[in-house]
>>> print(open('my_file05.txt').read())   # compact mmCIF, C-alpha atoms
# COMPACT_ATOMS: atom_id res chain seq x y z
CA MET A 1392 79.58 84.57 121.28
CA VAL A 1393 83.19 83.51 120.76
CA PRO A 1394 86.41 85.55 120.88
CA VAL A 1395 87.51 87.08 117.60
CA ASN A 1396 90.70 85.40 116.31
CA GLN A 1397 89.38 82.11 117.79
CA ARG A 1398 86.57 81.09 115.50
CA SER A 1399 86.42 78.61 112.64
CA HIS A 1400 84.39 78.75 109.40
CA PRO A 1401 84.20 76.40 106.42
CA TRP A 1402 86.46 79.03 104.83
CA THR A 1403 89.01 80.96 106.87
CA PRO A 1404 90.51 84.20 105.54
CA PRO A 1405 94.30 84.41 105.30
CA PRO A 1406 96.06 86.71 107.79
CA THR A 1407 94.81 90.25 107.24
CA SER A 1408 97.03 92.28 109.57
CA LEU A 1409 99.51 93.35 106.84
CA MET A 1410 96.69 94.44 104.53
CA THR A 1411 97.34 97.90 105.88
CA ASP A 1412 99.33 101.06 105.35
CA HIS A 1413 102.82 101.57 106.74
CA TYR A 1414 101.79 104.62 108.73
CA GLU A 1415 99.21 102.73 110.78
CA LEU A 1416 102.06 100.89 112.51
CA THR A 1417 104.35 103.89 112.81
CA MET A 1418 101.48 105.80 114.48
CA LEU A 1419 101.12 102.86 116.84
CA GLN A 1420 104.85 102.98 117.62
CA ALA A 1421 104.75 106.70 118.38
CA ALA A 1422 101.62 106.33 120.51
CA LEU A 1423 103.25 103.54 122.51
CA HIS A 1424 106.22 105.84 123.02
CA SER A 1425 104.07 108.77 124.21
CA GLY A 1426 101.98 106.60 126.52
CA THR A 1427 98.71 107.38 124.68
CA ALA A 1428 98.31 104.09 122.79
CA HIS A 1429 96.04 102.60 125.43
CA ARG A 1430 93.70 105.55 125.73
CA ARG A 1431 90.07 104.60 125.21
CA SER A 1432 89.03 105.82 121.73
CA VAL A 1433 86.08 105.90 119.36
CA PHE A 1434 86.60 105.73 115.59
CA GLU A 1435 83.77 105.99 113.05
CA VAL A 1436 83.38 105.14 109.38
CA PHE A 1437 81.20 107.51 107.35
CA ALA A 1438 80.92 109.04 103.88
CA ARG A 1439 80.91 112.82 103.58
CA ARG A 1440 78.92 112.55 100.36
CA LEU A 1441 77.43 110.03 97.97
CA PRO A 1442 78.89 109.48 94.49
CA ALA A 1443 77.81 112.29 92.17
CA GLY A 1444 74.11 112.18 91.47
CA ARG A 1445 73.39 109.08 93.55
CA ARG A 1446 70.34 109.18 95.82
CA TYR A 1447 71.41 106.52 98.34
CA GLY A 1448 74.19 104.06 99.06
CA VAL A 1449 74.12 100.46 100.30
CA VAL A 1450 76.33 99.16 103.10
CA ALA A 1451 78.21 95.97 102.26
CA GLY A 1452 81.38 94.28 103.45
CA THR A 1453 80.66 94.23 107.18
CA GLY A 1454 80.49 90.44 107.33
CA ARG A 1455 83.72 90.15 105.34
CA LEU A 1456 85.62 92.57 107.58
CA LEU A 1457 84.38 90.72 110.67
CA GLU A 1458 85.66 87.47 109.15
CA GLY A 1459 88.96 89.20 108.46
CA LEU A 1460 89.10 90.56 111.99
CA GLU A 1461 89.26 87.00 113.25
CA SER A 1462 92.56 86.52 111.44
CA PHE A 1463 93.92 89.98 112.22
CA CYS A 1464 96.97 88.95 114.21
CA PHE A 1465 100.73 88.98 113.69
CA ASP A 1466 102.47 85.62 113.37
CA ASP A 1467 106.20 84.89 113.23
CA GLU A 1468 106.42 85.39 109.46
CA GLN A 1469 104.77 88.81 109.58
CA LEU A 1470 106.76 89.94 112.60
CA SER A 1471 109.98 88.85 110.90
CA PHE A 1472 109.07 90.93 107.85
CA LEU A 1473 108.38 94.01 109.98
CA ALA A 1474 111.64 93.52 111.87
CA ALA A 1475 113.76 92.91 108.76
CA THR A 1476 112.41 95.97 106.98
CA GLY A 1477 112.60 98.21 110.04
CA VAL A 1478 108.97 99.29 109.86
CA VAL A 1479 108.66 99.44 113.66
CA ASN A 1480 110.92 99.03 116.67
CA ARG A 1481 111.31 96.10 119.05
CA SER A 1482 108.81 97.29 121.67
CA THR A 1483 106.17 97.72 118.97
CA LEU A 1484 106.91 94.25 117.62
CA ASP A 1485 106.42 92.87 121.12
CA TYR A 1486 103.03 94.58 121.31
CA LEU A 1487 101.98 93.27 117.90
CA ALA A 1488 103.01 89.72 118.83
CA ARG A 1489 100.33 89.82 121.54
CA PHE A 1490 97.75 91.76 119.50
CA ARG A 1491 94.13 90.73 119.88
CA PHE A 1492 91.14 92.98 119.37
CA THR A 1493 89.29 93.32 122.68
CA GLY A 1494 87.06 96.27 121.88
CA SER A 1495 83.50 96.64 120.59
CA ILE A 1496 82.14 97.31 117.09
CA SER A 1497 78.66 98.42 116.06
CA GLY A 1498 77.22 99.93 112.91
CA TYR A 1499 74.66 99.80 110.14
CA ALA A 1500 73.61 96.28 109.20
CA GLU A 1501 74.82 95.01 105.84
CA GLY A 1502 72.25 95.74 103.17
CA GLU A 1503 71.07 98.93 104.87
CA ALA A 1504 70.72 102.11 102.81
CA TYR A 1505 72.99 104.91 103.95
CA PHE A 1506 73.41 108.64 103.40
CA PRO A 1507 76.05 111.33 103.96
CA SER A 1508 77.34 111.40 107.56
CA SER A 1509 75.66 108.11 108.47
CA PRO A 1510 77.79 106.44 111.22
CA LEU A 1511 78.28 103.22 109.28
CA LEU A 1512 80.77 101.60 111.65
CA VAL A 1513 81.67 102.56 115.21
CA VAL A 1514 84.85 101.05 116.67
CA GLU A 1515 85.36 101.48 120.43
CA ALA A 1516 88.70 100.27 121.75
CA THR A 1517 92.12 101.51 122.76
CA PHE A 1518 93.77 103.77 120.20
CA ALA A 1519 96.31 101.00 119.52
CA GLU A 1520 93.65 98.39 118.72
CA ALA A 1521 91.43 100.66 116.63
CA CYS A 1522 94.16 102.52 114.74
CA VAL A 1523 95.70 99.48 113.05
CA LEU A 1524 92.31 98.36 111.66
CA GLU A 1525 91.70 101.51 109.60
CA THR A 1526 93.10 100.53 106.22
CA TYR A 1527 91.72 97.01 106.23
CA PHE A 1528 88.24 98.09 107.27
CA LEU A 1529 88.09 100.88 104.70
CA SER A 1530 89.37 98.73 101.85
CA VAL A 1531 86.57 96.22 102.48
CA LEU A 1532 83.75 98.67 103.08
CA ASN A 1533 84.64 101.08 100.27
CA TYR A 1534 84.73 98.40 97.58
CA ASP A 1535 81.90 96.15 98.72
CA SER A 1536 79.54 99.08 99.32
CA ALA A 1537 80.33 100.50 95.86
CA VAL A 1538 79.37 97.19 94.24
CA ALA A 1539 76.25 96.71 96.36
CA SER A 1540 75.13 100.28 95.63
CA ALA A 1541 75.53 99.75 91.88
CA ALA A 1542 73.81 96.38 92.07
CA SER A 1543 70.86 97.88 93.93
CA ARG A 1544 70.38 100.51 91.21
CA MET A 1545 70.49 97.81 88.55
CA VAL A 1546 67.95 95.68 90.40
CA GLY A 1547 65.66 98.69 90.64
CA ALA A 1548 65.99 99.28 86.90
CA ALA A 1549 65.25 95.60 86.20
CA ALA A 1550 61.78 96.05 87.71
CA GLY A 1551 61.47 92.59 89.23
CA ARG A 1552 63.40 90.63 86.62
CA PRO A 1553 66.47 88.79 87.97
CA CYS A 1554 70.00 90.08 87.57
CA ILE A 1555 72.98 87.71 87.40
CA GLU A 1556 76.48 88.81 88.50
CA MET A 1557 79.06 87.60 85.98
CA GLY A 1558 82.00 89.99 86.28
CA SER A 1559 84.69 87.71 87.72
CA ARG A 1560 87.00 88.05 84.73
CA ARG A 1561 86.91 91.83 85.06
CA ALA A 1562 88.28 91.97 88.61
CA HIS A 1563 91.11 90.73 90.81
CA GLU A 1564 90.37 87.15 91.81
CA GLU A 1565 89.59 88.03 95.44
CA ALA A 1566 87.71 91.16 94.45
CA ALA A 1567 85.60 88.95 92.18
CA VAL A 1568 84.45 86.93 95.19
CA ALA A 1569 83.75 90.08 97.19
CA ALA A 1570 81.85 91.59 94.26
CA ALA A 1571 79.67 88.52 93.84
CA ARG A 1572 78.79 88.61 97.54
CA ALA A 1573 78.08 92.35 97.49
CA ALA A 1574 75.97 92.14 94.32
CA VAL A 1575 73.76 89.48 95.87
CA ILE A 1576 73.36 91.63 98.99
CA GLY A 1577 72.34 94.46 96.64
CA GLY A 1578 69.57 92.29 95.20
CA PHE A 1579 71.17 90.19 92.46
CA ASP A 1580 69.67 86.74 92.05
CA SER A 1581 72.86 84.73 91.50
CA THR A 1582 76.51 84.77 90.43
CA SER A 1583 78.79 82.94 88.04
CA ASN A 1584 81.59 82.82 90.66
CA LEU A 1585 81.97 79.36 92.18
CA GLU A 1586 84.26 80.46 95.01
CA ALA A 1587 81.61 82.93 96.16
CA GLY A 1588 79.10 80.11 96.03
CA HIS A 1589 81.40 77.93 98.13
CA ARG A 1590 82.20 80.54 100.79
CA TYR A 1591 78.83 82.21 101.15
CA GLY A 1592 76.22 79.76 99.87
CA LEU A 1593 75.32 81.92 96.88
CA ARG A 1594 73.37 80.46 93.98
CA THR A 1595 75.70 79.96 91.01
CA VAL A 1596 74.63 79.73 87.37
CA GLY A 1597 76.16 79.41 83.91
CA THR A 1598 76.03 77.31 80.74
CA ALA A 1599 78.35 77.98 77.81
CA ALA A 1600 80.32 80.68 75.98
CA HIS A 1601 80.92 81.29 72.27
CA SER A 1602 84.07 79.16 72.42
CA PHE A 1603 81.94 76.09 73.12
CA THR A 1604 79.99 76.64 69.91
CA LEU A 1605 83.16 77.38 67.94
CA LEU A 1606 84.77 74.20 69.26
CA HIS A 1607 82.25 72.02 67.43
CA ASP A 1608 82.05 71.34 63.71
CA SER A 1609 78.61 72.92 63.61
CA GLU A 1610 76.31 74.95 65.83
CA GLU A 1611 73.87 72.04 65.78
CA ASP A 1612 76.54 69.73 67.20
CA ALA A 1613 77.24 72.23 69.98
CA PHE A 1614 73.58 72.67 70.87
CA ARG A 1615 72.96 68.93 70.79
CA ALA A 1616 75.90 68.28 73.13
CA GLN A 1617 74.74 70.91 75.61
CA LEU A 1618 71.15 69.70 75.57
CA GLU A 1619 72.14 66.07 76.01
CA SER A 1620 74.55 66.93 78.80
CA MET A 1621 72.55 69.55 80.71
CA GLY A 1622 68.97 68.81 79.75
CA ARG A 1623 66.42 70.71 77.73
CA GLY A 1624 65.98 73.27 80.47
CA THR A 1625 69.41 74.74 79.71
CA THR A 1626 70.01 78.14 78.09
CA LEU A 1627 71.59 78.18 74.62
CA LEU A 1628 73.75 81.04 73.36
CA VAL A 1629 72.24 81.94 70.00
CA ASP A 1630 74.32 84.78 68.55
CA THR A 1631 77.60 83.10 67.60
CA TYR A 1632 76.60 83.05 63.92
CA ASP A 1633 73.07 83.84 62.72
CA VAL A 1634 70.50 84.48 65.47
CA GLU A 1635 67.40 83.45 63.53
CA ALA A 1636 68.97 80.21 62.32
CA ALA A 1637 70.22 79.48 65.86
CA VAL A 1638 66.82 80.04 67.48
CA ARG A 1639 65.09 77.83 64.92
CA ARG A 1640 67.76 75.16 65.41
CA ALA A 1641 67.46 75.34 69.20
CA VAL A 1642 63.69 74.90 69.10
CA GLN A 1643 64.00 72.07 66.58
CA LEU A 1644 66.37 70.20 68.90
CA ALA A 1645 64.74 70.93 72.29
CA GLY A 1646 61.14 71.64 71.45
CA PRO A 1647 58.89 73.63 73.81
CA GLU A 1648 60.93 72.45 76.82
CA LEU A 1649 63.89 74.65 75.85
CA GLY A 1650 64.70 76.62 78.99
CA GLY A 1651 66.18 79.74 77.51
CA VAL A 1652 68.26 81.55 74.92
CA ARG A 1653 70.96 84.14 75.58
CA LEU A 1654 71.70 87.22 73.48
CA ASP A 1655 75.14 88.81 73.90
CA SER A 1656 75.48 91.33 71.08
CA GLY A 1657 73.74 93.73 68.75
CA ASP A 1658 70.75 95.98 69.36
CA LEU A 1659 69.37 94.10 72.35
CA VAL A 1660 66.03 95.94 72.48
CA THR A 1661 65.16 95.19 68.86
CA GLN A 1662 66.69 91.74 68.90
CA ALA A 1663 64.96 90.60 72.10
CA SER A 1664 61.57 91.66 70.75
CA TRP A 1665 62.19 89.90 67.48
CA VAL A 1666 63.43 86.70 69.16
CA ARG A 1667 60.44 86.70 71.51
CA GLY A 1668 58.12 86.83 68.54
CA LEU A 1669 59.99 84.03 66.79
CA LEU A 1670 59.95 81.80 69.88
CA ASP A 1671 56.22 82.33 70.31
CA GLU A 1672 55.64 81.60 66.63
CA LEU A 1673 57.60 78.35 66.94
CA GLY A 1674 55.53 77.21 69.92
CA ASN A 1675 57.97 78.15 72.72
CA PRO A 1676 56.19 80.81 74.78
CA ASP A 1677 57.88 79.61 77.99
CA THR A 1678 61.45 79.78 76.69
CA ARG A 1679 63.15 82.61 78.54
CA ILE A 1680 65.40 85.31 77.08
CA THR A 1681 68.54 86.39 78.94
CA VAL A 1682 70.57 89.34 77.70
CA THR A 1683 74.20 90.18 78.46
CA SER A 1684 76.80 92.53 76.86
CA ASP A 1685 78.18 95.43 78.95
CA LEU A 1686 74.94 96.17 80.76
CA ASP A 1687 74.55 98.83 83.44
CA GLU A 1688 71.50 100.33 85.17
CA TYR A 1689 70.82 102.65 82.23
CA ALA A 1690 71.01 99.89 79.63
CA ILE A 1691 68.76 97.72 81.80
CA ALA A 1692 66.25 100.56 82.12
CA ALA A 1693 66.29 100.97 78.32
CA LEU A 1694 65.34 97.30 78.05
CA ASN A 1695 62.31 97.70 80.32
CA ALA A 1696 59.87 97.58 77.42
CA ALA A 1697 61.62 94.63 75.78
CA PRO A 1698 60.53 91.04 76.48
CA VAL A 1699 63.67 90.19 78.48
CA ASP A 1700 63.44 87.71 81.34
CA ALA A 1701 66.88 88.13 82.98
CA PHE A 1702 69.97 90.34 82.80
CA GLY A 1703 73.58 89.19 83.04
CA VAL A 1704 75.86 91.99 84.29
CA GLY A 1705 79.66 91.91 84.39
CA THR A 1706 82.10 94.80 84.18
CA ARG A 1707 79.79 97.57 85.30
CA VAL A 1708 78.67 95.94 88.53
CA VAL A 1709 82.14 94.85 89.73
CA THR A 1710 83.47 98.37 89.09
CA GLY A 1711 80.62 100.15 90.87
CA SER A 1712 79.07 101.38 87.61
CA GLY A 1713 81.16 104.53 87.50
CA ALA A 1714 81.68 104.83 91.27
CA PRO A 1715 84.35 102.22 92.12
CA THR A 1716 84.77 103.49 95.68
CA SER A 1717 82.32 104.78 98.26
CA SER A 1718 84.71 107.49 99.55
CA MET A 1719 84.26 106.34 103.13
CA VAL A 1720 86.65 107.57 105.80
CA TYR A 1721 87.65 106.27 109.26
CA LYS A 1722 88.04 109.08 111.79
CA LEU A 1723 88.80 109.41 115.47
CA VAL A 1724 85.78 111.19 117.00
CA ALA A 1725 86.42 110.75 120.74
CA ARG A 1726 89.34 109.82 122.95
CA GLU A 1727 90.24 109.64 126.60
CA ASP A 1728 92.21 112.58 127.93
CA SER A 1729 95.02 112.51 130.49
CA ALA A 1730 92.43 112.63 133.27
CA GLY A 1731 90.60 109.57 131.95
CA THR A 1732 87.58 111.47 130.58
CA LEU A 1733 86.27 110.68 127.10
CA GLN A 1734 86.40 113.87 125.03
CA PRO A 1735 84.99 114.55 121.53
CA VAL A 1736 87.62 115.42 118.92
CA ALA A 1737 87.19 116.60 115.34
CA LYS A 1738 89.20 117.42 112.25
CA ALA A 1739 88.80 121.04 111.11
CA ALA A 1740 90.55 120.92 107.71
CA VAL A 1741 88.68 122.78 104.96
CA GLY A 1742 86.59 120.37 102.90
CA LYS A 1743 87.44 117.46 105.17
CA ALA A 1744 85.98 118.49 108.51
CA SER A 1745 84.50 115.89 110.83
CA LEU A 1746 82.00 116.03 113.69
CA GLY A 1747 83.40 115.12 117.09
CA GLY A 1748 81.67 112.76 119.50
CA ARG A 1749 80.23 109.26 119.21
CA LYS A 1750 77.23 109.12 116.87
CA TYR A 1751 73.89 107.36 117.11
CA ALA A 1752 71.34 107.15 114.30
CA LEU A 1753 67.63 106.64 113.72
CA ARG A 1754 65.61 106.57 110.51
CA ARG A 1755 62.56 108.77 110.83
CA ARG A 1756 59.42 107.55 109.06
CA ASP A 1757 56.01 108.99 108.26
CA GLN A 1758 52.63 107.45 109.06
CA ARG A 1759 52.94 105.15 106.04
CA GLY A 1760 56.29 103.81 107.21
CA ILE A 1761 58.24 105.70 104.53
CA ALA A 1762 61.58 107.21 105.54
CA THR A 1763 61.72 111.00 105.74
CA HIS A 1764 65.02 111.77 107.52
CA GLU A 1765 68.28 110.26 108.71
CA MET A 1766 68.54 111.45 112.31
CA VAL A 1767 72.03 111.56 113.84
CA GLY A 1768 72.71 112.36 117.47
CA ILE A 1769 76.08 113.10 119.03
CA GLY A 1770 76.80 111.68 122.44
CA ARG A 1771 73.35 110.13 122.72
CA SER A 1772 70.59 108.83 120.51
CA PRO A 1773 68.42 111.39 118.71
CA LEU A 1774 64.95 111.93 120.13
CA ASP A 1775 62.49 109.33 118.79
CA ASP A 1776 59.21 110.80 117.55
CA GLY A 1777 57.48 107.46 118.10
CA ASP A 1778 58.12 105.51 114.91
CA ASP A 1779 61.85 105.94 114.34
CA ARG A 1780 63.95 102.88 113.57
CA PRO A 1781 67.32 102.51 115.35
CA LEU A 1782 70.05 101.90 112.78
CA LEU A 1783 73.06 100.74 114.81
CA GLU A 1784 73.54 97.02 115.36
CA GLU A 1785 76.09 95.36 117.64
CA PHE A 1786 78.71 93.17 115.92
CA VAL A 1787 81.52 92.73 118.45
CA ARG A 1788 81.22 93.15 122.22
CA ASP A 1789 84.38 93.29 124.35
CA GLY A 1790 86.30 91.26 121.79
CA GLN A 1791 83.50 88.71 121.36
CA LEU A 1792 82.08 88.29 117.84
CA LEU A 1793 78.29 88.10 117.93
CA ASP A 1794 76.57 85.42 115.88
CA GLY A 1795 74.68 85.91 112.65
CA TRP A 1796 76.78 88.49 110.80
CA THR A 1797 79.32 86.31 108.94
CA GLY A 1798 79.29 83.38 106.50
CA PRO A 1799 76.24 82.33 104.46
CA SER A 1800 73.77 83.27 107.20
CA GLY A 1801 75.24 86.77 107.25
CA VAL A 1802 74.59 87.15 103.51
CA GLU A 1803 70.99 85.98 103.90
CA ARG A 1804 70.50 88.45 106.73
CA ALA A 1805 71.98 91.25 104.62
CA GLN A 1806 69.74 90.40 101.65
CA ALA A 1807 66.67 90.61 103.87
CA ARG A 1808 67.85 93.90 105.38
CA HIS A 1809 68.38 95.41 101.93
CA THR A 1810 64.91 94.39 100.75
CA ALA A 1811 63.30 95.91 103.83
CA SER A 1812 65.44 99.05 103.69
CA MET A 1813 64.60 99.75 100.05
CA ALA A 1814 60.89 99.22 100.70
CA GLU A 1815 61.14 101.90 103.37
CA LEU A 1816 62.67 104.58 101.12
CA PRO A 1817 60.60 106.98 99.01
CA ARG A 1818 59.94 105.73 95.47
CA SER A 1819 62.15 108.48 94.09
CA ALA A 1820 65.17 106.57 95.46
CA ARG A 1821 64.94 104.34 92.37
CA ARG A 1822 65.24 107.20 89.90
CA LEU A 1823 68.38 107.00 87.77
CA SER A 1824 68.45 110.71 87.00
CA GLU A 1825 70.94 112.69 89.02
CA GLY A 1826 69.65 114.15 92.25
CA ASP A 1827 70.29 114.81 95.90
CA PRO A 1828 70.11 112.08 98.57
CA VAL A 1829 66.54 110.88 98.74
CA ILE A 1830 66.27 111.83 102.42
CA PRO A 1831 68.28 114.48 104.28
CA THR A 1832 70.62 113.81 107.18
CA VAL A 1833 69.79 115.87 110.25
CA VAL A 1834 72.11 116.28 113.24
CA GLU A 1835 70.00 117.13 116.27
CA PRO A 1836 71.31 120.33 117.90
CA GLU A 1837 70.14 119.16 121.31
CA ALA A 1838 72.33 116.07 121.06
CA VAL A 1839 75.53 117.90 120.18
CA ALA A 1840 78.08 117.61 122.96
>>> encode(input="my_file05.txt", output="structure tokens")
Amino acid sequence: MVPVNQRSHPWTPPPTSLMTDHYELTMLQAALHSGTAHRRSVFEVFARRLPAGRRYGVVAGTGRLLEGLESFCFDDEQLSFLAATGVVNRSTLDYLARFRFTGSISGYAEGEAYFPSSPLLVVEATFAEACVLETYFLSVLNYDSAVASAASRMVGAAAGRPCIEMGSRRAHEEAAVAAARAAVIGGFDSTSNLEAGHRYGLRTVGTAAHSFTLLHDSEEDAFRAQLESMGRGTTLLVDTYDVEAAVRRAVQLAGPELGGVRLDSGDLVTQASWVRGLLDELGNPDTRITVTSDLDEYAIAALNAAPVDAFGVGTRVVTGSGAPTSSMVYKLVAREDSAGTLQPVAKAAVGKASLGGRKYALRRRDQRGIATHEMVGIGRSPLDDGDDRPLLEEFVRDGQLLDGWTGPSGVERAQARHTASMAELPRSARRLSEGDPVIPTVVEPEAVA
């Protein structure tokens, strides 16, 4: 363990403390004024509901927010900005100059499936320390979990065939890196984004676009250059001009060692079947077919019967495939009172009510090891019926970041968690038709404080 804000990685995030909303700091100022800023508090991240029709969600972004927490501090430049713009007063600036997170954070492991009311992140600290983290934590978790959830659905639809994330040009440059990371956690095989490969050790892939073919005087010249440069195992893009002529030309130049062809337009179901037949006829049964072109989980499912070997997905995965946010919220659920006793607190607003008290969660399973319920206890862990799996992991303890959750090793850990979590859910979780969460969330009455 090492203190947060005092850890080095091959890549270090820029300062994250101003990636927040104005009112986080004005709340801090007012709490410092009232003398309540240092009250012990518990905040939780949860989603009241899943995106319409979705049967489960996937947690992603935890490793990224922990990396960002290390650089969540206020340096001279940031303090000067806050002073010059009058966001907060001098005493608040003095507090921020000394800010270091000294609390504890636990939650669902990255890659874990989640459901409504799951306590995805639990932040225990003073109100001052926990309050200012709200916007940053939610911005990471909401986006990354949306991408991972979409990616997981696409991987399920692909039925064992690899999916490649290639949506960088459809997102903000930093969101592109986050999306690549989240998609791989959700089960994608690789990404086209080199920065994601650099930061997180992801496998990166790619060959050529239509512009490469158009650059050359002929398609044959383009293919020959790519084959000579990258080897016969490369994948050639065959739909710039005439697909049949391109496939025949590719086989003529590379022979049976041709690694693959890519289709990026047209009726992909019909075209993939036809190209597969042509490749087999020409003596290339091992040449793989990759399809791209605005794919989502439904398009991938429609290609299930086609002889496609891999799917390249761009826009739809980096935008959450229709659910670009996970609608997660960050709520105060317990706080110390004037007598020093921790008391549950809850919001009662219609449609936005919360449950007071610190939450604990187990996943209940049947005799076959298949999940049947999400069990949530308030104030203590739900009763274990003998085969329940605890869901909360410890990430930060008294300001000390625990090993294994960040960097490349954190991604590998999250991938493994997602694989195991999905294997534990009922098979109906993979259905793309609209439906309720695949397992219900149950709050144990006996555990309610």
>>> closest_atom_pairs(input="my_file05.txt", of="stretch 1495-1553 of chain A", to="stretch 1742-1759 of chain A", cutoff="8 Å", atoms="all atoms listed in the file", output="CSV")
residue,atom,partner,partner_atom,distance
A:Ser1509,CA,A:Ala1752,CA,7.3
A:Pro1510,CA,A:Lys1750,CA,6.3
A:Val1513,CA,A:Arg1749,CA,7.9
>>> residues_around(input="my_file05.txt", residues="A:Ala1730", least_positions_apart="6", cutoff="12 Å", atoms="all atoms listed in the file", output="ChimeraX atom specification")
/A:1427,1430-1431
>>> write_last_selection(input="my_file05.txt", atoms="C-alpha atoms", output="PDB file, in the coordinates of the input")
ATOM      1  CA  THR A1427      98.710 107.380 124.680  1.00  0.00           C
ATOM      2  CA  ARG A1430      93.700 105.550 125.730  1.00  0.00           C
ATOM      3  CA  ARG A1431      90.070 104.600 125.210  1.00  0.00           C
TER       4      ARG A1431
END
>>> residues_around(input="my_file05.txt", residues="A:Thr1810", least_positions_apart="5", cutoff="9 Å", atoms="only C-alpha atoms", output="list in words")
Gly1502, Glu1503, Gly1577, Gly1578, Ala1805 and Glu1815 of chain A
>>> write_last_selection(input="my_file05.txt", atoms="C-alpha atoms", output="PDB file, in the frame of the given file")
ATOM      1  CA  GLY A1502      72.250  95.740 103.170  1.00  0.00           C
ATOM      2  CA  GLU A1503      71.070  98.930 104.870  1.00  0.00           C
ATOM      3  CA  GLY A1577      72.340  94.460  96.640  1.00  0.00           C
ATOM      4  CA  GLY A1578      69.570  92.290  95.200  1.00  0.00           C
ATOM      5  CA  ALA A1805      71.980  91.250 104.620  1.00  0.00           C
ATOM      6  CA  GLU A1815      61.140 101.900 103.370  1.00  0.00           C
TER       7      GLU A1815
END
>>> residues_near_point(input="my_file05.txt", point="(77.6, 100.9, 123.3)", cutoff="12 Å", atoms="only C-alpha atoms", output="compact mmCIF listing (two decimals) with C-alpha atoms, keeping the file's coordinate frame")
# COMPACT_ATOMS: atom_id res chain seq x y z
CA VAL A 1433 86.08 105.90 119.36
CA GLY A 1494 87.06 96.27 121.88
CA SER A 1495 83.50 96.64 120.59
CA ILE A 1496 82.14 97.31 117.09
CA SER A 1497 78.66 98.42 116.06
CA GLY A 1498 77.22 99.93 112.91
CA VAL A 1513 81.67 102.56 115.21
CA VAL A 1514 84.85 101.05 116.67
CA GLU A 1515 85.36 101.48 120.43
CA ALA A 1516 88.70 100.27 121.75
CA ARG A 1749 80.23 109.26 119.21
CA LYS A 1750 77.23 109.12 116.87
CA TYR A 1751 73.89 107.36 117.11
CA GLY A 1770 76.80 111.68 122.44
CA ARG A 1771 73.35 110.13 122.72
CA SER A 1772 70.59 108.83 120.51
CA LEU A 1783 73.06 100.74 114.81
CA GLU A 1784 73.54 97.02 115.36
CA GLU A 1785 76.09 95.36 117.64
CA PHE A 1786 78.71 93.17 115.92
CA VAL A 1787 81.52 92.73 118.45
CA ARG A 1788 81.22 93.15 122.22
CA ASP A 1789 84.38 93.29 124.35
>>> closest_residue(input="my_file05.txt", among="A:Arg1440, A:His1424, A:Arg1804, A:Arg1552", to="A:Ala1701", atoms="all atoms listed in the file")
A:Arg1552
>>> atom_distance(input="my_file05.txt", atom1="atom CA of A:Leu1606", atom2="atom CA of A:Leu1618")
15.7 Å
>>> closest_residue(input="my_file05.txt", among="A:Thr1476, A:Gln1806, A:Ser1712, A:Ser1812", to="A:Arg1544", atoms="all atoms listed in the file")
A:Ser1712
>>> residues_around(input="my_file05.txt", residues="A:Ser1609", least_positions_apart="5", cutoff="12 Å", atoms="all atoms listed in the file", output="MDAnalysis selection string")
chainID A and resid 1603:1604 1614:1616 1631:1632 1637 1640
>>> atom_distance(input="my_file05.txt", atom1="atom CA of A:Arg1572", atom2="atom CA of A:Ala1587")
6.5 Å
>>> residues_around(input="my_file05.txt", residues="A:His1589", least_positions_apart="5", cutoff="12 Å", atoms="only C-alpha atoms", output="list in words")
His1400, Pro1401, Trp1402, Thr1403, Val1568, Ala1571, Arg1572, Thr1582, Ser1583, Asn1584, Arg1594, Thr1595, Gly1798 and Pro1799 of chain A
>>> axis_aligned_box(input="my_file05.txt", around="stretch 1593-1598 of chain A", padding_each_side="3 Å", output="JSON")
{"center_x": 74.8, "center_y": 79.6, "center_z": 88.8, "size_x": 8.8, "size_y": 10.6, "size_z": 22.1}
>>> closest_residue(input="my_file05.txt", among="A:Ala1690, A:Leu1524, A:Ala1548, A:Met1766", to="A:Lys1722", atoms="only C-alpha atoms")
A:Leu1524
>>> atom_distance(input="my_file05.txt", atom1="atom CA of A:Gly1547", atom2="atom CA of A:Val1629")
27.4 Å
>>> decode(input="my_file05.txt", residues="stretch 1460-1464 of chain A", atoms="N, CA, C and O atoms", output="mmCIF file, in the first residue's frame")
data_model
loop_
_atom_site.group_PDB
_atom_site.id
_atom_site.type_symbol
_atom_site.label_atom_id
_atom_site.label_comp_id
_atom_site.auth_asym_id
_atom_site.auth_seq_id
_atom_site.Cartn_x
_atom_site.Cartn_y
_atom_site.Cartn_z
ATOM 1 N N LEU A 1460 -7.614 9.777 -8.563
ATOM 2 C CA LEU A 1460 -7.599 10.189 -7.161
ATOM 3 C C LEU A 1460 -6.184 10.522 -6.697
ATOM 4 O O LEU A 1460 -5.978 11.399 -5.858
ATOM 5 N N GLU A 1461 -5.219 9.822 -7.262
ATOM 6 C CA GLU A 1461 -3.827 10.091 -6.901
ATOM 7 C C GLU A 1461 -3.400 11.507 -7.253
ATOM 8 O O GLU A 1461 -2.516 12.077 -6.611
ATOM 9 N N SER A 1462 -3.997 12.063 -8.290
ATOM 10 C CA SER A 1462 -3.628 13.422 -8.700
ATOM 11 C C SER A 1462 -4.708 14.432 -8.337
ATOM 12 O O SER A 1462 -4.735 15.537 -8.868
ATOM 13 N N PHE A 1463 -5.599 14.047 -7.435
ATOM 14 C CA PHE A 1463 -6.656 14.956 -6.997
ATOM 15 C C PHE A 1463 -6.117 15.836 -5.870
ATOM 16 O O PHE A 1463 -6.255 15.543 -4.679
ATOM 17 N N CYS A 1464 -5.468 16.899 -6.255
ATOM 18 C CA CYS A 1464 -4.928 17.867 -5.300
ATOM 19 C C CYS A 1464 -4.908 19.230 -5.989
ATOM 20 O O CYS A 1464 -5.067 19.327 -7.209
#
